[in-house]
$ cat final-v5.txt   # compact mmCIF, C-alpha atoms and all ligand atoms
# COMPACT_ATOMS: atom_id res chain seq x y z
CA MET U 135 -22.75 1.48 23.05
CA ASP U 136 -19.43 2.74 24.35
CA PRO U 137 -20.27 6.21 25.76
CA THR U 138 -16.80 7.53 24.97
CA LEU U 139 -17.34 7.17 21.21
CA THR U 140 -17.95 10.43 19.45
CA PRO U 141 -21.63 11.40 19.30
CA ASP U 142 -21.22 12.70 15.76
CA PRO U 143 -19.34 10.33 13.45
CA GLU U 144 -20.43 12.33 10.40
CA ARG U 145 -17.79 14.90 11.17
CA PHE U 146 -15.12 12.40 10.23
CA ARG U 147 -16.31 12.41 6.65
CA LEU U 148 -14.16 14.72 4.50
CA PRO U 149 -15.81 17.78 2.92
CA GLU U 150 -17.21 16.98 -0.54
CA ALA U 151 -14.39 18.46 -2.68
CA GLU U 152 -11.75 16.81 -0.54
CA ARG U 153 -13.48 13.47 -0.69
CA ARG U 154 -13.66 13.85 -4.47
CA GLY U 155 -9.93 14.54 -4.46
CA VAL U 156 -9.18 11.24 -2.77
CA TYR U 157 -11.10 9.34 -5.44
CA HIS U 158 -9.61 11.52 -8.16
CA ALA U 159 -6.12 10.59 -7.01
CA ILE U 160 -7.01 6.90 -6.66
CA TYR U 161 -8.64 6.61 -10.09
CA GLY U 162 -6.36 9.09 -11.84
CA ARG U 163 -3.14 7.52 -10.59
CA ARG U 164 -1.16 5.71 -13.27
CA ASP U 165 2.13 3.90 -13.58
CA VAL U 166 4.26 6.33 -15.59
CA ARG U 167 7.17 5.30 -17.79
CA ARG U 168 7.86 8.45 -19.79
CA PHE U 169 9.00 11.58 -18.05
CA ARG U 170 9.64 15.24 -18.73
CA PRO U 171 13.15 16.30 -17.69
CA ASP U 172 11.89 19.20 -15.53
CA PRO U 173 13.32 19.01 -12.01
CA VAL U 174 10.94 18.23 -9.17
CA PRO U 175 10.70 21.26 -6.87
CA PRO U 176 12.30 20.24 -3.55
CA GLU U 177 9.28 21.35 -1.53
CA THR U 178 6.97 19.19 -3.67
CA LEU U 179 9.27 16.21 -3.28
CA ALA U 180 9.34 16.84 0.47
CA ARG U 181 5.53 16.91 0.67
CA VAL U 182 5.25 13.64 -1.19
CA LEU U 183 7.91 11.93 0.93
CA HIS U 184 6.36 13.31 4.11
CA ALA U 185 3.04 11.77 3.08
CA ALA U 186 4.79 8.43 2.50
CA HIS U 187 6.33 8.54 5.96
CA HIS U 188 2.89 8.94 7.52
CA ALA U 189 1.64 5.55 6.41
CA PRO U 190 0.40 3.06 8.98
CA SER U 191 2.82 0.37 10.08
CA VAL U 192 2.64 -2.76 12.16
CA GLY U 193 3.53 -1.94 15.78
CA PHE U 194 4.22 1.60 14.52
CA MET U 195 7.66 0.34 13.43
CA GLN U 196 7.87 2.55 10.31
CA PRO U 197 10.36 0.18 8.66
CA TRP U 198 10.69 2.04 5.38
CA ASN U 199 13.56 3.99 3.85
CA PHE U 200 13.10 6.29 0.90
CA ILE U 201 16.47 6.88 -0.71
CA VAL U 202 16.40 9.74 -3.19
CA ILE U 203 18.85 9.17 -6.04
CA ALA U 204 19.74 12.11 -8.19
CA ASP U 205 23.26 10.97 -9.12
CA ARG U 206 23.43 10.08 -12.81
CA THR U 207 26.13 7.41 -12.51
CA THR U 208 24.19 5.48 -9.91
CA ARG U 209 21.12 5.61 -12.07
CA GLU U 210 23.04 4.35 -15.06
CA ARG U 211 24.15 1.37 -13.03
CA VAL U 212 20.60 0.68 -11.96
CA LYS U 213 19.47 0.98 -15.56
CA ALA U 214 22.15 -1.49 -16.68
CA LEU U 215 20.93 -3.94 -14.07
CA TYR U 216 17.39 -3.46 -15.30
CA GLU U 217 18.57 -4.28 -18.85
CA ARG U 218 20.02 -7.59 -17.67
CA GLU U 219 16.84 -8.45 -15.82
CA ARG U 220 14.79 -7.59 -18.87
CA GLN U 221 16.80 -9.95 -21.06
CA ALA U 222 16.60 -12.64 -18.37
CA ALA U 223 12.83 -12.28 -18.05
CA ALA U 224 12.44 -12.49 -21.85
CA GLN U 225 13.82 -16.03 -21.76
CA PHE U 226 10.63 -17.22 -20.11
CA PHE U 227 8.43 -16.10 -22.99
CA ASP U 228 8.16 -17.90 -26.34
CA GLU U 229 7.91 -15.98 -29.58
CA PRO U 230 5.98 -13.91 -30.47
CA ARG U 231 5.50 -12.96 -26.81
CA ARG U 232 9.25 -12.60 -26.30
CA SER U 233 9.63 -9.88 -28.92
CA GLN U 234 6.50 -8.25 -27.61
CA TYR U 235 7.90 -8.26 -24.08
CA LEU U 236 11.18 -6.76 -25.26
CA SER U 237 9.28 -4.01 -27.08
CA PHE U 238 7.62 -2.79 -23.88
CA LYS U 239 8.93 0.25 -22.11
CA LEU U 240 8.90 -0.79 -18.48
CA GLU U 241 10.86 1.96 -16.74
CA GLY U 242 11.97 5.58 -17.03
CA ILE U 243 15.05 5.33 -14.81
CA LEU U 244 17.19 7.79 -16.75
CA GLU U 245 14.47 10.08 -18.11
CA ALA U 246 12.91 10.76 -14.70
CA PRO U 247 14.68 13.57 -12.85
CA VAL U 248 14.46 11.66 -9.58
CA ASN U 249 14.68 7.99 -8.66
CA ILE U 250 13.64 6.76 -5.25
CA CYS U 251 14.88 3.47 -3.90
CA VAL U 252 12.45 2.13 -1.31
CA THR U 253 13.73 -0.37 1.21
CA CYS U 254 12.33 -2.07 4.27
CA ASP U 255 14.33 -2.58 7.44
CA PRO U 256 12.91 -5.56 9.36
CA THR U 257 15.08 -4.75 12.39
CA ARG U 258 13.82 -1.20 12.74
CA ALA U 259 11.95 -1.56 16.00
CA GLY U 260 13.99 -4.24 17.75
CA PRO U 261 13.31 -7.97 17.97
CA GLU U 262 9.78 -7.79 19.36
CA VAL U 263 7.49 -5.56 17.36
CA LEU U 264 4.00 -5.28 18.78
CA GLY U 265 1.61 -7.28 16.62
CA ARG U 266 4.24 -8.70 14.28
CA ASN U 267 4.33 -12.12 15.86
CA ALA U 268 1.80 -13.93 13.69
CA VAL U 269 2.83 -12.48 10.32
CA PRO U 270 6.43 -11.18 10.23
CA GLU U 271 5.98 -9.93 6.65
CA THR U 272 3.80 -7.14 7.98
CA ASP U 273 6.95 -5.00 7.88
CA VAL U 274 7.01 -5.20 4.07
CA TYR U 275 3.24 -4.74 3.95
CA SER U 276 3.68 -1.49 5.88
CA THR U 277 6.34 -0.32 3.47
CA CYS U 278 3.99 -0.93 0.55
CA LEU U 279 1.31 1.20 2.21
CA ALA U 280 3.87 4.00 2.38
CA VAL U 281 4.55 3.59 -1.34
CA GLN U 282 0.85 3.96 -2.11
CA ASN U 283 0.73 7.15 -0.01
CA LEU U 284 3.62 8.46 -2.08
CA TRP U 285 2.00 7.44 -5.35
CA LEU U 286 -1.30 9.14 -4.51
CA ALA U 287 0.28 12.30 -3.10
CA ALA U 288 2.41 12.53 -6.26
CA ARG U 289 -0.74 12.23 -8.37
CA ALA U 290 -2.27 15.08 -6.36
CA GLU U 291 0.84 17.14 -7.08
CA GLY U 292 0.77 16.32 -10.79
CA LEU U 293 3.92 14.21 -10.59
CA GLY U 294 4.24 10.91 -12.38
CA VAL U 295 5.44 7.79 -10.59
CA GLY U 296 6.54 4.53 -12.13
CA TRP U 297 7.41 1.51 -10.01
CA VAL U 298 10.40 -0.42 -11.33
CA SER U 299 10.52 -3.82 -9.66
CA ILE U 300 12.41 -5.59 -12.44
CA LEU U 301 15.67 -5.50 -10.46
CA LYS U 302 17.31 -8.15 -8.33
CA LEU U 303 17.95 -6.92 -4.83
CA PRO U 304 21.39 -8.33 -4.07
CA GLN U 305 22.84 -6.81 -7.23
CA LEU U 306 21.63 -3.29 -6.71
CA PRO U 307 24.66 -0.99 -6.68
CA ARG U 308 25.31 0.86 -3.45
CA PHE U 309 22.22 -0.56 -1.81
CA ARG U 310 23.84 -3.88 -1.09
CA ALA U 311 24.05 -2.98 2.58
CA LYS U 312 20.36 -2.30 2.69
CA THR U 313 17.85 -4.79 3.96
CA PRO U 314 15.26 -6.52 1.76
CA GLY U 315 13.10 -4.07 -0.01
CA PHE U 316 12.10 -2.86 -3.36
CA HIS U 317 12.56 0.09 -5.61
CA LEU U 318 10.73 2.55 -7.65
CA GLY U 319 11.78 5.21 -10.07
CA ARG U 320 9.74 8.33 -10.08
CA GLY U 321 9.90 11.89 -11.21
CA ARG U 322 8.06 14.69 -12.83
CA GLY U 323 6.14 13.17 -15.67
CA VAL U 324 2.84 12.87 -17.35
CA ASP U 325 0.23 10.24 -17.03
CA HIS U 326 0.14 8.22 -20.18
CA GLY U 327 -3.18 6.77 -21.22
CA ARG U 328 -6.35 7.10 -19.15
CA PRO U 329 -5.68 10.30 -17.19
CA MET F 56 12.38 16.07 -25.30
CA ASP F 57 9.81 13.53 -26.44
CA PRO F 58 7.37 15.58 -28.54
CA THR F 59 4.46 13.33 -27.66
CA LEU F 60 4.62 14.33 -24.01
CA THR F 61 1.88 16.69 -22.96
CA PRO F 62 2.81 20.36 -23.40
CA ASP F 63 1.08 21.30 -20.15
CA PRO F 64 1.96 19.01 -17.25
CA GLU F 65 0.40 21.44 -14.78
CA ARG F 66 -3.04 20.20 -15.72
CA PHE F 67 -2.26 16.89 -14.03
CA ARG F 68 -2.10 18.59 -10.67
CA LEU F 69 -5.37 18.21 -8.78
CA PRO F 70 -7.41 21.34 -8.00
CA GLU F 71 -6.43 22.84 -4.65
CA ALA F 72 -9.31 21.51 -2.51
CA GLU F 73 -8.93 18.04 -3.99
CA ARG F 74 -5.20 18.03 -3.39
CA ARG F 75 -5.87 19.06 0.20
CA GLY F 76 -8.30 16.15 0.46
CA VAL F 77 -5.60 13.66 -0.48
CA TYR F 78 -3.32 14.96 2.27
CA HIS F 79 -6.23 15.19 4.70
CA ALA F 80 -7.00 11.50 4.12
CA ILE F 81 -3.33 10.52 4.40
CA TYR F 82 -2.67 12.44 7.60
CA GLY F 83 -6.15 11.95 9.09
CA ARG F 84 -6.20 8.20 8.53
CA ARG F 85 -5.88 6.15 11.72
CA ASP F 86 -5.95 2.53 12.74
CA VAL F 87 -9.31 2.19 14.47
CA ARG F 88 -10.08 -0.39 17.13
CA ARG F 89 -13.37 0.84 18.57
CA PHE F 90 -16.46 0.96 16.42
CA ARG F 91 -19.98 2.21 16.46
CA PRO F 92 -22.50 -0.52 15.65
CA ASP F 93 -24.16 1.49 12.84
CA PRO F 94 -24.30 -0.50 9.63
CA VAL F 95 -22.13 0.67 6.74
CA PRO F 96 -24.38 1.84 3.89
CA PRO F 97 -23.92 -0.66 1.02
CA GLU F 98 -23.19 2.08 -1.51
CA THR F 99 -20.44 3.49 0.73
CA LEU F 100 -18.92 0.06 1.18
CA ALA F 101 -19.08 -0.43 -2.60
CA ARG F 102 -17.27 2.88 -3.23
CA VAL F 103 -14.50 1.97 -0.84
CA LEU F 104 -14.07 -1.53 -2.27
CA HIS F 105 -14.15 -0.16 -5.81
CA ALA F 106 -11.33 2.19 -4.90
CA ALA F 107 -9.34 -0.74 -3.50
CA HIS F 108 -9.81 -2.69 -6.72
CA HIS F 109 -8.31 0.19 -8.70
CA ALA F 110 -4.89 -0.06 -7.12
CA PRO F 111 -1.83 -0.63 -9.30
CA SER F 112 -0.56 -4.19 -9.58
CA VAL F 113 2.48 -5.87 -11.05
CA GLY F 114 1.73 -6.95 -14.62
CA PHE F 115 -1.82 -5.68 -13.99
CA MET F 116 -2.50 -9.02 -12.29
CA GLN F 117 -4.88 -7.61 -9.65
CA PRO F 118 -4.22 -10.53 -7.32
CA TRP F 119 -6.37 -9.35 -4.41
CA ASN F 120 -9.62 -10.67 -2.98
CA PHE F 121 -11.71 -8.63 -0.58
CA ILE F 122 -14.05 -10.97 1.24
CA VAL F 123 -16.76 -9.11 3.12
CA ILE F 124 -17.78 -10.95 6.27
CA ALA F 125 -21.00 -9.97 7.91
CA ASP F 126 -21.83 -13.37 9.44
CA ARG F 127 -21.57 -13.22 13.21
CA THR F 128 -20.54 -16.84 13.73
CA THR F 129 -17.61 -16.56 11.34
CA ARG F 130 -16.47 -13.41 13.07
CA GLU F 131 -16.68 -15.12 16.45
CA ARG F 132 -14.39 -17.84 15.15
CA VAL F 133 -11.94 -15.26 13.84
CA LYS F 134 -12.06 -13.47 17.17
CA ALA F 135 -11.37 -16.74 19.03
CA LEU F 136 -8.35 -17.30 16.81
CA TYR F 137 -7.18 -13.78 17.53
CA GLU F 138 -7.45 -14.50 21.26
CA ARG F 139 -5.15 -17.50 20.92
CA GLU F 140 -2.64 -15.48 18.92
CA ARG F 141 -2.75 -12.75 21.50
CA GLN F 142 -1.93 -15.17 24.30
CA ALA F 143 0.80 -16.74 22.17
CA ALA F 144 2.37 -13.37 21.37
CA ALA F 145 2.30 -12.40 25.06
CA GLN F 146 4.72 -15.26 25.81
CA PHE F 147 7.47 -13.34 24.08
CA PHE F 148 7.26 -10.38 26.42
CA ASP F 149 8.56 -10.35 29.99
CA GLU F 150 6.65 -8.65 32.78
CA PRO F 151 5.70 -5.83 33.05
CA ARG F 152 5.53 -5.68 29.24
CA ARG F 153 3.45 -8.86 29.07
CA SER F 154 0.62 -7.45 31.15
CA GLN F 155 0.88 -4.24 29.23
CA TYR F 156 0.60 -6.11 25.93
CA LEU F 157 -2.43 -8.04 27.15
CA SER F 158 -4.09 -4.77 28.20
CA PHE F 159 -3.97 -3.37 24.67
CA LYS F 160 -7.06 -3.43 22.52
CA LEU F 161 -5.73 -4.57 19.16
CA GLU F 162 -8.87 -5.34 17.18
CA GLY F 163 -12.57 -4.59 16.89
CA ILE F 164 -13.60 -7.78 15.13
CA LEU F 165 -16.99 -8.14 16.79
CA GLU F 166 -17.79 -4.46 17.37
CA ALA F 167 -17.25 -3.44 13.74
CA PRO F 168 -20.33 -4.03 11.61
CA VAL F 169 -18.21 -5.36 8.76
CA ASN F 170 -15.02 -7.40 8.56
CA ILE F 171 -13.08 -7.71 5.36
CA CYS F 172 -10.66 -10.56 4.82
CA VAL F 173 -8.03 -9.56 2.28
CA THR F 174 -6.21 -12.31 0.45
CA CYS F 175 -3.72 -12.44 -2.38
CA ASP F 176 -3.88 -15.03 -5.16
CA PRO F 177 -0.40 -15.54 -6.63
CA THR F 178 -1.81 -17.63 -9.49
CA ARG F 179 -4.25 -14.96 -10.63
CA ALA F 180 -2.66 -14.14 -13.96
CA GLY F 181 -1.12 -17.47 -14.91
CA PRO F 182 2.47 -18.63 -14.50
CA GLU F 183 4.18 -15.74 -16.30
CA VAL F 184 3.13 -12.36 -15.03
CA LEU F 185 4.73 -9.47 -16.87
CA GLY F 186 7.37 -7.90 -14.65
CA ARG F 187 7.07 -10.41 -11.80
CA ASN F 188 10.19 -12.34 -12.70
CA ALA F 189 12.74 -10.57 -10.51
CA VAL F 190 10.60 -10.17 -7.39
CA PRO F 191 7.71 -12.66 -7.13
CA GLU F 192 6.45 -11.03 -3.92
CA THR F 193 5.24 -8.09 -6.00
CA ASP F 194 1.83 -9.82 -5.96
CA VAL F 195 1.55 -9.24 -2.21
CA TYR F 196 2.99 -5.74 -2.60
CA SER F 197 0.17 -4.98 -5.05
CA THR F 198 -2.41 -6.29 -2.61
CA CYS F 199 -1.07 -3.98 0.08
CA LEU F 200 -1.42 -0.99 -2.24
CA ALA F 201 -5.08 -1.96 -2.65
CA VAL F 202 -5.46 -2.03 1.12
CA GLN F 203 -4.09 1.50 1.39
CA ASN F 204 -6.54 2.67 -1.26
CA LEU F 205 -9.32 1.16 0.83
CA TRP F 206 -8.01 2.71 4.03
CA LEU F 207 -7.79 6.20 2.52
CA ALA F 208 -11.14 6.01 0.72
CA ALA F 209 -12.73 4.87 3.98
CA ARG F 210 -11.18 7.87 5.74
CA ALA F 211 -12.68 10.13 3.09
CA GLU F 212 -16.07 8.53 3.75
CA GLY F 213 -15.73 8.91 7.51
CA LEU F 214 -15.41 5.17 8.08
CA GLY F 215 -12.92 3.69 10.49
CA VAL F 216 -10.58 0.89 9.45
CA GLY F 217 -8.47 -1.28 11.69
CA TRP F 218 -6.03 -3.83 10.31
CA VAL F 219 -5.95 -7.06 12.30
CA SER F 220 -2.88 -9.04 11.33
CA ILE F 221 -2.58 -10.98 14.58
CA LEU F 222 -4.03 -14.13 13.00
CA LYS F 223 -2.27 -17.19 11.61
CA LEU F 224 -3.26 -17.82 8.05
CA PRO F 225 -3.62 -21.60 7.95
CA GLN F 226 -5.98 -21.57 10.89
CA LEU F 227 -8.42 -19.00 9.60
CA PRO F 228 -11.87 -20.56 9.48
CA ARG F 229 -13.43 -20.90 6.05
CA PHE F 230 -10.49 -19.18 4.38
CA ARG F 231 -8.32 -22.22 4.51
CA ALA F 232 -8.69 -22.69 0.77
CA LYS F 233 -7.49 -19.18 0.14
CA THR F 234 -3.97 -18.40 -0.89
CA PRO F 235 -1.48 -16.47 1.27
CA GLY F 236 -2.84 -13.19 2.31
CA PHE F 237 -3.79 -11.10 5.24
CA HIS F 238 -6.82 -9.73 6.91
CA LEU F 239 -8.31 -6.64 8.24
CA GLY F 240 -11.40 -5.88 10.18
CA ARG F 241 -13.12 -2.68 9.39
CA GLY F 242 -16.41 -0.94 9.81
CA ARG F 243 -18.11 2.27 10.66
CA GLY F 244 -16.12 3.77 13.47
CA VAL F 245 -14.46 6.79 14.83
CA ASP F 246 -10.88 7.78 14.72
CA HIS F 247 -9.44 7.53 18.16
CA GLY F 248 -6.69 9.91 19.09
CA ARG F 249 -5.13 12.36 16.66
CA PRO F 250 -7.95 12.92 14.13
C1 LIG S 1 4.50 -3.97 -7.08
C2 LIG S 1 4.48 -3.38 -8.47
C3 LIG S 1 5.57 -3.51 -9.29
C4 LIG S 1 5.57 -2.98 -10.60
N1 LIG S 1 6.68 -3.10 -11.39
C5 LIG S 1 6.68 -2.54 -12.63
C6 LIG S 1 7.86 -2.55 -13.45
O1 LIG S 1 8.90 -3.05 -13.06
N2 LIG S 1 7.78 -1.97 -14.67
C7 LIG S 1 6.64 -1.38 -15.13
O2 LIG S 1 6.62 -0.87 -16.25
N3 LIG S 1 5.51 -1.32 -14.37
C8 LIG S 1 5.53 -1.88 -13.13
N4 LIG S 1 4.39 -1.78 -12.35
C9 LIG S 1 3.21 -1.05 -12.83
C10 LIG S 1 2.06 -1.95 -13.31
O3 LIG S 1 2.36 -2.49 -14.56
C11 LIG S 1 0.78 -1.09 -13.36
O4 LIG S 1 0.46 -0.69 -12.06
C12 LIG S 1 -0.42 -1.84 -13.94
O5 LIG S 1 -0.18 -2.17 -15.29
C13 LIG S 1 -1.70 -1.00 -13.87
O6 LIG S 1 -1.54 0.24 -14.50
P1 LIG S 1 -1.76 1.60 -13.70
O7 LIG S 1 -0.83 1.58 -12.51
O8 LIG S 1 -1.42 2.70 -14.67
O9 LIG S 1 -3.19 1.63 -13.25
C14 LIG S 1 4.40 -2.32 -11.06
C15 LIG S 1 3.29 -2.20 -10.21
C16 LIG S 1 3.32 -2.71 -8.94
C17 LIG S 1 2.13 -2.54 -8.06
C1 LIG S 2 0.48 -4.38 8.15
C2 LIG S 2 -0.17 -3.83 9.40
C3 LIG S 2 -0.69 -4.68 10.36
C4 LIG S 2 -1.28 -4.18 11.51
N1 LIG S 2 -1.82 -5.04 12.44
C5 LIG S 2 -2.46 -4.55 13.53
C6 LIG S 2 -3.10 -5.41 14.47
O1 LIG S 2 -3.14 -6.64 14.30
N2 LIG S 2 -3.72 -4.87 15.54
C7 LIG S 2 -3.72 -3.51 15.75
O2 LIG S 2 -4.29 -3.06 16.74
N3 LIG S 2 -3.12 -2.66 14.86
C8 LIG S 2 -2.52 -3.15 13.76
N4 LIG S 2 -1.96 -2.29 12.85
C9 LIG S 2 -2.08 -0.83 13.06
C10 LIG S 2 -0.80 -0.16 13.57
O3 LIG S 2 -0.61 -0.43 14.93
C11 LIG S 2 -0.92 1.36 13.31
O4 LIG S 2 -0.98 1.57 11.93
C12 LIG S 2 0.23 2.15 13.90
O5 LIG S 2 0.24 2.04 15.30
C13 LIG S 2 0.14 3.64 13.52
O6 LIG S 2 -1.08 4.20 13.94
P1 LIG S 2 -2.06 4.86 12.87
O7 LIG S 2 -2.37 3.80 11.82
O8 LIG S 2 -3.29 5.24 13.64
O9 LIG S 2 -1.36 6.03 12.26
C14 LIG S 2 -1.36 -2.78 11.70
C15 LIG S 2 -0.83 -1.93 10.73
C16 LIG S 2 -0.26 -2.43 9.59
C17 LIG S 2 0.28 -1.49 8.56
$ encode --input "final-v5.txt" --output "structure tokens" --more "lines below"
Ligand SMILES: Cc1cc2nc3c(=O)[nH]c(=O)nc-3n(C[C@H](O)[C@H](O)[C@H](O)COP(=O)(O)O)c2cc1C
Ligand SMILES: Cc1cc2nc3c(=O)[nH]c(=O)nc-3n(C[C@H](O)[C@H](O)[C@H](O)COP(=O)(O)O)c2cc1C
Amino acid sequence: MDPTLTPDPERFRLPEAERRGVYHAIYGRRDVRRFRPDPVPPETLARVLHAAHHAPSVGFMQPWNFIVIADRTTRERVKALYERERQAAAQFFDEPRRSQYLSFKLEGILEAPVNICVTCDPTRAGPEVLGRNAVPETDVYSTCLAVQNLWLAARAEGLGVGWVSILKLPQLPRFRAKTPGFHLGRGRGVDHGRP
Amino acid sequence: MDPTLTPDPERFRLPEAERRGVYHAIYGRRDVRRFRPDPVPPETLARVLHAAHHAPSVGFMQPWNFIVIADRTTRERVKALYERERQAAAQFFDEPRRSQYLSFKLEGILEAPVNICVTCDPTRAGPEVLGRNAVPETDVYSTCLAVQNLWLAARAEGLGVGWVSILKLPQLPRFRAKTPGFHLGRGRGVDHGRP
């Protein structure tokens, strides 16, 4: 066996309460669609974003952007776009599933005190990213890993996160210049259902 | 404010040591490429896979498959495919970067006691998945979130994980029937560098 490997791998296991915390966050995480209006303390938001930025990424390219949107007008435009998408999606269901679909609450864009638009910049690390040759989509994969870091850190902080993907990219106001990506609304909220 | 929201959102925050554990896993997680040969205890592997399966997914479609590969011959075939990809990728670098690239250790397929092939089945929940209308790739996004759950749970358990994406999908032995996805090798290992 490689003599430079650590002689005591057990020390890499987290202490019991910390290990429990990881599983608590994983199993206690929920997609949240109803939010309290309380503002998110800036230092809490910073911790959660910092955790997101420390995700793994192919070739260490860190292609993600997390755009924090507090501005009400922007959020209203995003919400209006969501409404169009919702109506469009409903066309693909027959009754009674259509009415059922339209009755679902699938976002909390305006209720949440903070929205975060997540995007992925495939050009971030230049044309040749180490290890991205076989599967170029690994940039988006990396960005998703960062989202899960954010989601779990938020759960640890008692913040609710809801991912809103029912939005078409090219139509997103103000983010038109951004590269392919995806979006989530989040904010201070409560877990609904299984907490 | 919605009267059905919980009156005490603070209780959703994790206890201090558990919260610390989430950040410890996030910041202490590394991509691991050198592994001890020790077998992974089946109950530990089960915990980590269970955590992966509890990731969020668009329309709750849970499109992921985690295929545990212990068989040595299969792993040798995967490793051989990796070797071809590595040589192919090297063509895109000029010297001295090419030699540098070829000197990197970018997998631990044979050293790790366990490999896991992660795939994503876009047909998992039928043709109309709730919320997948605007962005169909949300199936793969969901699968990535499951991978990050696995990566963090493994860190909590003291297991090393290394993602090997330098493999072309259609050529993967035995997984040819599987739908688009991606792969990672993992096993009992040590974090190398910043622990
Ligand atoms: C990639 C992705 C996109 C999602 N998009 C939406 C969405 O647009 N609206 C919504 O209400 N939920 C969305 N969700 C949340 C899922 O519906 C939710 O994760 C799933 O039902 C499981 O519930 P849980 O997250 O509370 O465990 C999305 C989840 C993922 C992973
Ligand atoms: C989608 C994805 C694919 C990756 N593929 C490989 C790979 O094929 N080989 C490798 O050595 N590392 C791979 N990595 C690991 C990255 O190189 C690593 O995450 C990055 O250098 C940051 O280091 P850290 O994960 O230790 O923080 C991959 C990471 C991601 C997120």
$ residues_near_ligand --input "final-v5.txt" --ligand "ligand LIG 2 (chain S)" --cutoff "6 Å" --atoms "all atoms listed in the file" --output "PDB file with C-alpha atoms, keeping the file's coordinate frame"
ATOM      1  CA  PRO U 190       0.400   3.060   8.980  1.00  0.00           C
ATOM      2  CA  SER U 191       2.820   0.370  10.080  1.00  0.00           C
ATOM      3  CA  VAL U 192       2.640  -2.760  12.160  1.00  0.00           C
ATOM      4  CA  GLY U 193       3.530  -1.940  15.780  1.00  0.00           C
ATOM      5  CA  PHE U 194       4.220   1.600  14.520  1.00  0.00           C
ATOM      6  CA  GLY U 265       1.610  -7.280  16.620  1.00  0.00           C
ATOM      7  CA  THR U 272       3.800  -7.140   7.980  1.00  0.00           C
ATOM      8  CA  TYR U 275       3.240  -4.740   3.950  1.00  0.00           C
ATOM      9  CA  SER U 276       3.680  -1.490   5.880  1.00  0.00           C
TER      10      SER U 276
ATOM     11  CA  ARG F  85      -5.880   6.150  11.720  1.00  0.00           C
ATOM     12  CA  ASP F  86      -5.950   2.530  12.740  1.00  0.00           C
ATOM     13  CA  LEU F 161      -5.730  -4.570  19.160  1.00  0.00           C
ATOM     14  CA  GLU F 162      -8.870  -5.340  17.180  1.00  0.00           C
ATOM     15  CA  TRP F 218      -6.030  -3.830  10.310  1.00  0.00           C
ATOM     16  CA  VAL F 219      -5.950  -7.060  12.300  1.00  0.00           C
ATOM     17  CA  SER F 220      -2.880  -9.040  11.330  1.00  0.00           C
ATOM     18  CA  ILE F 221      -2.580 -10.980  14.580  1.00  0.00           C
TER      19      ILE F 221
END
$ residues_around --input "final-v5.txt" --residues "region 224-227 of chain U" --least-positions-apart "5" --cutoff "9 Å" --atoms "all atoms listed in the file" --output "JSON, numbers by chain"
{"U": [219, 232, 233, 235, 236], "F": [183, 188]}
$ closest_residue --input "final-v5.txt" --among "U:Ala268, U:Ala223, U:Leu148, U:Ala185" --to "ligand LIG 1 (chain S)" --atoms "only C-alpha atoms and all ligand atoms"
U:Ala223
$ residues_around --input "final-v5.txt" --residues "Pro137 (chain U)" --least-positions-apart "2" --cutoff "12 Å" --atoms "only C-alpha atoms" --output "JSON, numbers by chain"
{"U": [135, 139, 140, 141, 142], "F": [89, 90, 91]}
$ residues_near_point --input "final-v5.txt" --point "(11.4, 21.9, -9.0)" --cutoff "12 Å" --atoms "only C-alpha atoms" --output "list in words"
Arg170, Pro171, Asp172, Pro173, Val174, Pro175, Pro176, Glu177, Thr178, Leu179, Ala180, Pro247, Val248, Glu291, Leu293, Gly321 and Arg322 of chain U
$ write_last_selection --input "final-v5.txt" --atoms "C-alpha atoms" --output "mmCIF file, keeping the file's coordinate frame"
data_model
loop_
_atom_site.group_PDB
_atom_site.id
_atom_site.type_symbol
_atom_site.label_atom_id
_atom_site.label_comp_id
_atom_site.auth_asym_id
_atom_site.auth_seq_id
_atom_site.Cartn_x
_atom_site.Cartn_y
_atom_site.Cartn_z
ATOM 1 C CA ARG U 170 9.640 15.240 -18.730
ATOM 2 C CA PRO U 171 13.150 16.300 -17.690
ATOM 3 C CA ASP U 172 11.890 19.200 -15.530
ATOM 4 C CA PRO U 173 13.320 19.010 -12.010
ATOM 5 C CA VAL U 174 10.940 18.230 -9.170
ATOM 6 C CA PRO U 175 10.700 21.260 -6.870
ATOM 7 C CA PRO U 176 12.300 20.240 -3.550
ATOM 8 C CA GLU U 177 9.280 21.350 -1.530
ATOM 9 C CA THR U 178 6.970 19.190 -3.670
ATOM 10 C CA LEU U 179 9.270 16.210 -3.280
ATOM 11 C CA ALA U 180 9.340 16.840 0.470
ATOM 12 C CA PRO U 247 14.680 13.570 -12.850
ATOM 13 C CA VAL U 248 14.460 11.660 -9.580
ATOM 14 C CA GLU U 291 0.840 17.140 -7.080
ATOM 15 C CA LEU U 293 3.920 14.210 -10.590
ATOM 16 C CA GLY U 321 9.900 11.890 -11.210
ATOM 17 C CA ARG U 322 8.060 14.690 -12.830
#
$ residues_around --input "final-v5.txt" --residues "Trp206 (chain F)" --least-positions-apart "3" --cutoff "8 Å" --atoms "all atoms listed in the file" --output "ChimeraX atom specification"
/F:84,202-203,209-210,216
$ residues_near_point --input "final-v5.txt" --point "(17.6, 3.6, 2.3)" --cutoff "7 Å" --atoms "all atoms listed in the file" --output "ChimeraX atom specification"
/U:199-201,251-253,312
$ residues_around --input "final-v5.txt" --residues "Leu286 (chain U)" --least-positions-apart "3" --cutoff "12 Å" --atoms "all atoms listed in the file" --output "MDAnalysis selection string"
(chainID U and resid 155:165 181:183 185:186 189 279:283 289:296) or (chainID F and resid 68:69 73:78 80:81 110:111 200:201 203:204 207:208)
